[in-house]
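Let me begin by presenting the structure, written as structure tokens, before commenting on it.
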Amino acid sequence: MPTDDSNSLESARALIGTNTHPRHIAIIMDGNGRWAQKRFMPRAFGHQAGVKTVRKIVEYCAKHEVEVLTLFAFSSENWRRPEDEVSLLMALFMATLQREVDKLDRNNIRLRFIGDRAAFSDKLQAKMTEAEAQTQDNTALTLVIAANYGGRWDLSQAFRTVAEKIAAGALRHQDISEQLINQHLSTADLPEPDLFIRTGGEQRVSNFLLWQLAYTEMYFTPTLWPDFDQNSLEEAINSFKTRQRRFGHTGEQLLEQSR
Ligand code: IPE
Ligand code: IPE
Ligand code: MG
């Protein structure tokens, strides 16, 4: 294949790459703190700027046939941060919900939360339940916010529920399968993520969707989350489109199928 011929390169990509939009995009929104520190501002300033990016990215996904957008907002390990940063993040979470839910609803966006919400204040939990109820019938985009979420937590709570069902006689241990475990995860009713994005330069999963990322295409960018915009997202999606997803097959098998 002549690499200097951009047309033939394009068509070869179309043949081997997915060339389709990702249905489900999952993002680790990282780099708020460093973005603020670079400006000699408190970390809180970075988190506030990060909310603006969330708005832009949600808007883009709603417009561009993305079915599910999952955003990692607060990990089960983020409680280890200084108390004042944790309180600030909780207050920002509450304020953002209060301000944005009606707008999300008007834009036909369904809001969902995954994670252990028992750790949140009663007021915040009530607001989360109310926001989910208000938007549950919306059909344009499902916006999943991972809050006090950890991949290990998700697997543990799934195993706990399965064990309870076995103890109660509703299931037998022989029934445990990949499909059954999947059905007990917090993402049971959602398609698996097609594209994973992490901003902020780190190349790690930090206990995000451990089970669900088994065949997800990974994309890492040094761009800090407050600087990430619709163009940056488009770049990530374009990268996704050039990937050949083999799911264990050979490239030749895929070419054969596409003929
Ligand atoms: C991500 O940005 C936001 C949350 C974890 C809530 P960080 O706060 O982790 O920013 P850095 O990584 O310190 O720059
Ligand atoms: C991951 O970012 C969690 C969120 C973006 C909510 P962190 O900044 O907490 O991850 P580590 O600690 O660098 O792995
Ligand atoms: Mg970070």
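How things are named: the first chain in the structure tokens is A, the next is B, and so on; residues count from 1 in each chain; ligands count from 1 in the order shown.
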message: As a quick test: using only C-alpha atoms and all ligand atoms, which residues lie no more than 10 Å away from ligand 1? Give them as number ranges by chain.
response: A: 28-38, 43-44, 46-47, 50-51, 72-75, 77-79, 81, 85-86, 88-90, 93, 147, 199-202, 224-226
Go ahead and save the residues from that selection, with N, CA, C and O atoms, as a compact mmCIF listing (two decimals), in the first residue's frame.
# COMPACT_ATOMS: atom_id res chain seq x y z
N ILE A 28 -12.45 9.23 31.59
CA ILE A 28 -11.86 9.64 32.87
C ILE A 28 -11.45 11.10 32.71
O ILE A 28 -10.51 11.42 31.96
N MET A 29 -12.19 11.96 33.36
CA MET A 29 -11.97 13.41 33.23
C MET A 29 -10.87 13.80 34.21
O MET A 29 -11.15 14.10 35.36
N ASP A 30 -9.63 13.80 33.75
CA ASP A 30 -8.53 14.02 34.69
C ASP A 30 -7.73 15.27 34.31
O ASP A 30 -7.64 15.62 33.14
N GLY A 31 -7.18 15.92 35.32
CA GLY A 31 -6.28 17.05 35.08
C GLY A 31 -6.79 18.40 35.56
O GLY A 31 -6.16 19.42 35.32
N ASN A 32 -7.93 18.41 36.24
CA ASN A 32 -8.48 19.68 36.74
C ASN A 32 -7.54 20.38 37.70
O ASN A 32 -7.33 21.59 37.63
N GLY A 33 -6.96 19.60 38.62
CA GLY A 33 -6.09 20.17 39.65
C GLY A 33 -4.86 20.81 39.02
O GLY A 33 -4.50 21.95 39.34
N ARG A 34 -4.22 20.08 38.11
CA ARG A 34 -3.00 20.60 37.47
C ARG A 34 -3.31 21.82 36.60
O ARG A 34 -2.53 22.75 36.51
N TRP A 35 -4.49 21.81 35.98
CA TRP A 35 -4.90 22.96 35.15
C TRP A 35 -4.95 24.22 36.02
O TRP A 35 -4.48 25.28 35.61
N ALA A 36 -5.51 24.09 37.21
CA ALA A 36 -5.61 25.24 38.12
C ALA A 36 -4.23 25.63 38.65
O ALA A 36 -3.88 26.82 38.67
N GLN A 37 -3.45 24.62 39.04
CA GLN A 37 -2.12 24.90 39.61
C GLN A 37 -1.23 25.64 38.63
O GLN A 37 -0.47 26.53 39.01
N LYS A 38 -1.36 25.30 37.34
CA LYS A 38 -0.58 25.99 36.30
C LYS A 38 -0.91 27.48 36.27
O LYS A 38 -0.13 28.30 35.80
N ARG A 43 -7.15 24.33 43.45
CA ARG A 43 -7.65 23.19 42.67
C ARG A 43 -9.15 23.33 42.36
O ARG A 43 -9.62 22.89 41.31
N ALA A 44 -9.87 23.97 43.29
CA ALA A 44 -11.32 24.15 43.12
C ALA A 44 -11.64 24.86 41.81
O ALA A 44 -12.63 24.55 41.13
N GLY A 46 -10.06 24.63 39.07
CA GLY A 46 -9.97 23.63 38.00
C GLY A 46 -11.22 22.77 37.92
O GLY A 46 -11.70 22.44 36.84
N HIS A 47 -11.77 22.41 39.08
CA HIS A 47 -12.98 21.59 39.08
C HIS A 47 -14.16 22.37 38.49
O HIS A 47 -14.97 21.82 37.75
N GLY A 50 -13.80 22.41 34.91
CA GLY A 50 -14.10 21.07 34.40
C GLY A 50 -15.59 20.88 34.12
O GLY A 50 -15.97 20.19 33.18
N VAL A 51 -16.42 21.51 34.93
CA VAL A 51 -17.88 21.40 34.72
C VAL A 51 -18.27 21.99 33.37
O VAL A 51 -19.14 21.47 32.67
N PHE A 72 -16.46 9.66 34.55
CA PHE A 72 -15.97 9.33 35.89
C PHE A 72 -15.83 10.65 36.66
O PHE A 72 -14.94 11.46 36.37
N ALA A 73 -16.72 10.87 37.60
CA ALA A 73 -16.76 12.15 38.31
C ALA A 73 -16.06 12.08 39.67
O ALA A 73 -15.47 13.05 40.13
N PHE A 74 -16.17 10.92 40.33
CA PHE A 74 -15.58 10.78 41.67
C PHE A 74 -15.36 9.30 41.93
O PHE A 74 -16.30 8.51 41.86
N SER A 75 -14.12 8.93 42.18
CA SER A 75 -13.83 7.51 42.37
C SER A 75 -13.96 7.12 43.84
O SER A 75 -13.93 7.98 44.73
N GLU A 77 -11.83 5.97 45.52
CA GLU A 77 -10.56 6.32 46.18
C GLU A 77 -10.41 7.83 46.39
O GLU A 77 -9.51 8.27 47.11
N ASN A 78 -11.27 8.62 45.76
CA ASN A 78 -11.12 10.09 45.87
C ASN A 78 -11.47 10.63 47.26
O ASN A 78 -11.15 11.77 47.58
N TRP A 79 -12.07 9.78 48.13
CA TRP A 79 -12.30 10.19 49.53
C TRP A 79 -10.99 10.43 50.25
O TRP A 79 -10.95 11.06 51.31
N ARG A 81 -8.67 12.28 49.37
CA ARG A 81 -8.19 13.66 49.15
C ARG A 81 -8.44 14.51 50.40
O ARG A 81 -9.25 14.14 51.25
N GLU A 85 -11.22 19.56 49.79
CA GLU A 85 -11.43 19.28 48.36
C GLU A 85 -12.64 18.36 48.16
O GLU A 85 -13.45 18.56 47.26
N VAL A 86 -12.76 17.36 49.06
CA VAL A 86 -13.91 16.45 48.96
C VAL A 86 -15.21 17.23 49.16
O VAL A 86 -16.16 17.08 48.37
N LEU A 88 -15.75 20.37 48.64
CA LEU A 88 -15.95 21.24 47.46
C LEU A 88 -16.55 20.43 46.31
O LEU A 88 -17.50 20.87 45.65
N LEU A 89 -16.01 19.23 46.10
CA LEU A 89 -16.50 18.39 44.99
C LEU A 89 -17.96 18.00 45.21
O LEU A 89 -18.76 18.00 44.28
N MET A 90 -18.32 17.71 46.47
CA MET A 90 -19.71 17.35 46.79
C MET A 90 -20.64 18.54 46.53
O MET A 90 -21.71 18.40 45.95
N PHE A 93 -21.05 19.08 42.85
CA PHE A 93 -21.89 18.02 42.31
C PHE A 93 -23.36 18.39 42.52
O PHE A 93 -24.19 18.38 41.60
N ALA A 147 -20.16 8.10 40.21
CA ALA A 147 -19.90 8.89 41.42
C ALA A 147 -19.73 7.94 42.61
O ALA A 147 -20.60 7.10 42.85
N THR A 199 -8.13 11.93 29.82
CA THR A 199 -7.39 13.17 29.64
C THR A 199 -6.36 13.29 30.76
O THR A 199 -6.34 12.48 31.68
N GLY A 200 -5.49 14.28 30.65
CA GLY A 200 -4.58 14.60 31.76
C GLY A 200 -3.25 13.86 31.73
O GLY A 200 -2.43 14.05 32.61
N GLY A 201 -3.04 13.00 30.72
CA GLY A 201 -1.71 12.42 30.51
C GLY A 201 -1.42 11.09 31.19
O GLY A 201 -0.51 10.39 30.78
N GLU A 202 -2.17 10.73 32.23
CA GLU A 202 -1.88 9.44 32.89
C GLU A 202 -2.42 8.32 32.01
O GLU A 202 -3.48 8.46 31.40
N LEU A 224 -5.40 18.53 29.42
CA LEU A 224 -6.04 18.54 30.74
C LEU A 224 -7.55 18.73 30.54
O LEU A 224 -7.97 19.44 29.61
N TRP A 225 -8.36 18.14 31.41
CA TRP A 225 -9.82 18.12 31.18
C TRP A 225 -10.43 19.51 30.90
O TRP A 225 -11.20 19.66 29.96
N PRO A 226 -10.07 20.57 31.63
CA PRO A 226 -10.68 21.87 31.32
C PRO A 226 -10.34 22.38 29.92
O PRO A 226 -11.05 23.21 29.37
- request: Taking the DSSP assignment computed from this structure's backbone, write out as a ChimeraX atom specification all residues of stretch 7-194 of chain A that belong to strand (DSSP E).
  value: /A:24-28,68-75,109-114,141-149
- prompt: Excluding same-chain residues fewer than 2 positions from A:Ser156, what lies within 12 Å of it counting only C-alpha atoms, as a list in words?
  reply: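 So, after excluding close chain neighbours, the residues are Gly115, Asp116, Tyr149, Gly150, Gly151, Arg152, Trp153, Asp154, Ala158, Phe159, Arg160, Thr161, Val162, Ala163, Ile181, His184, Leu185, Ser186, Leu210 and Trp211 of chain A.
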message: To test your reading of the structure, identify every residue in stretch 39-244 of chain A that backbone DSSP assigns to helix (DSSP H, G or I), and report it as number ranges by chain.
response: A: 43-63, 78-80, 83-106, 117-119, 122-135, 151-167, 173-175, 178-183, 225-227, 230-241
- prompt: When distances are computed from only C-alpha atoms and all ligand atoms, which of A:Ile27, A:Leu97, A:Leu124, A:Ile109 shows the smallest separation from ligand 2?
  reply: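 Closest to ligand 2, using only C-alpha atoms and all ligand atoms: A:Ile27.
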message: One number please: atom 12 (O, counted along the ligand's line) of ligand 2 to atom CA of A:Val205, in Å, one decimal.
response: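 If I compute the distance from atom 12 (O, counted along the ligand's line) of ligand 2 to atom CA of A:Val205, I get 9.5 Å.
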message: What's around A:Gln244 at 12 Å? Count only C-alpha atoms, leave out sequence neighbours fewer than 3 positions away in its own chain, and write the answer as an NGL selection string.
response: :A and (12-20 or 194 or 215-217 or 239-241 or 247-255)
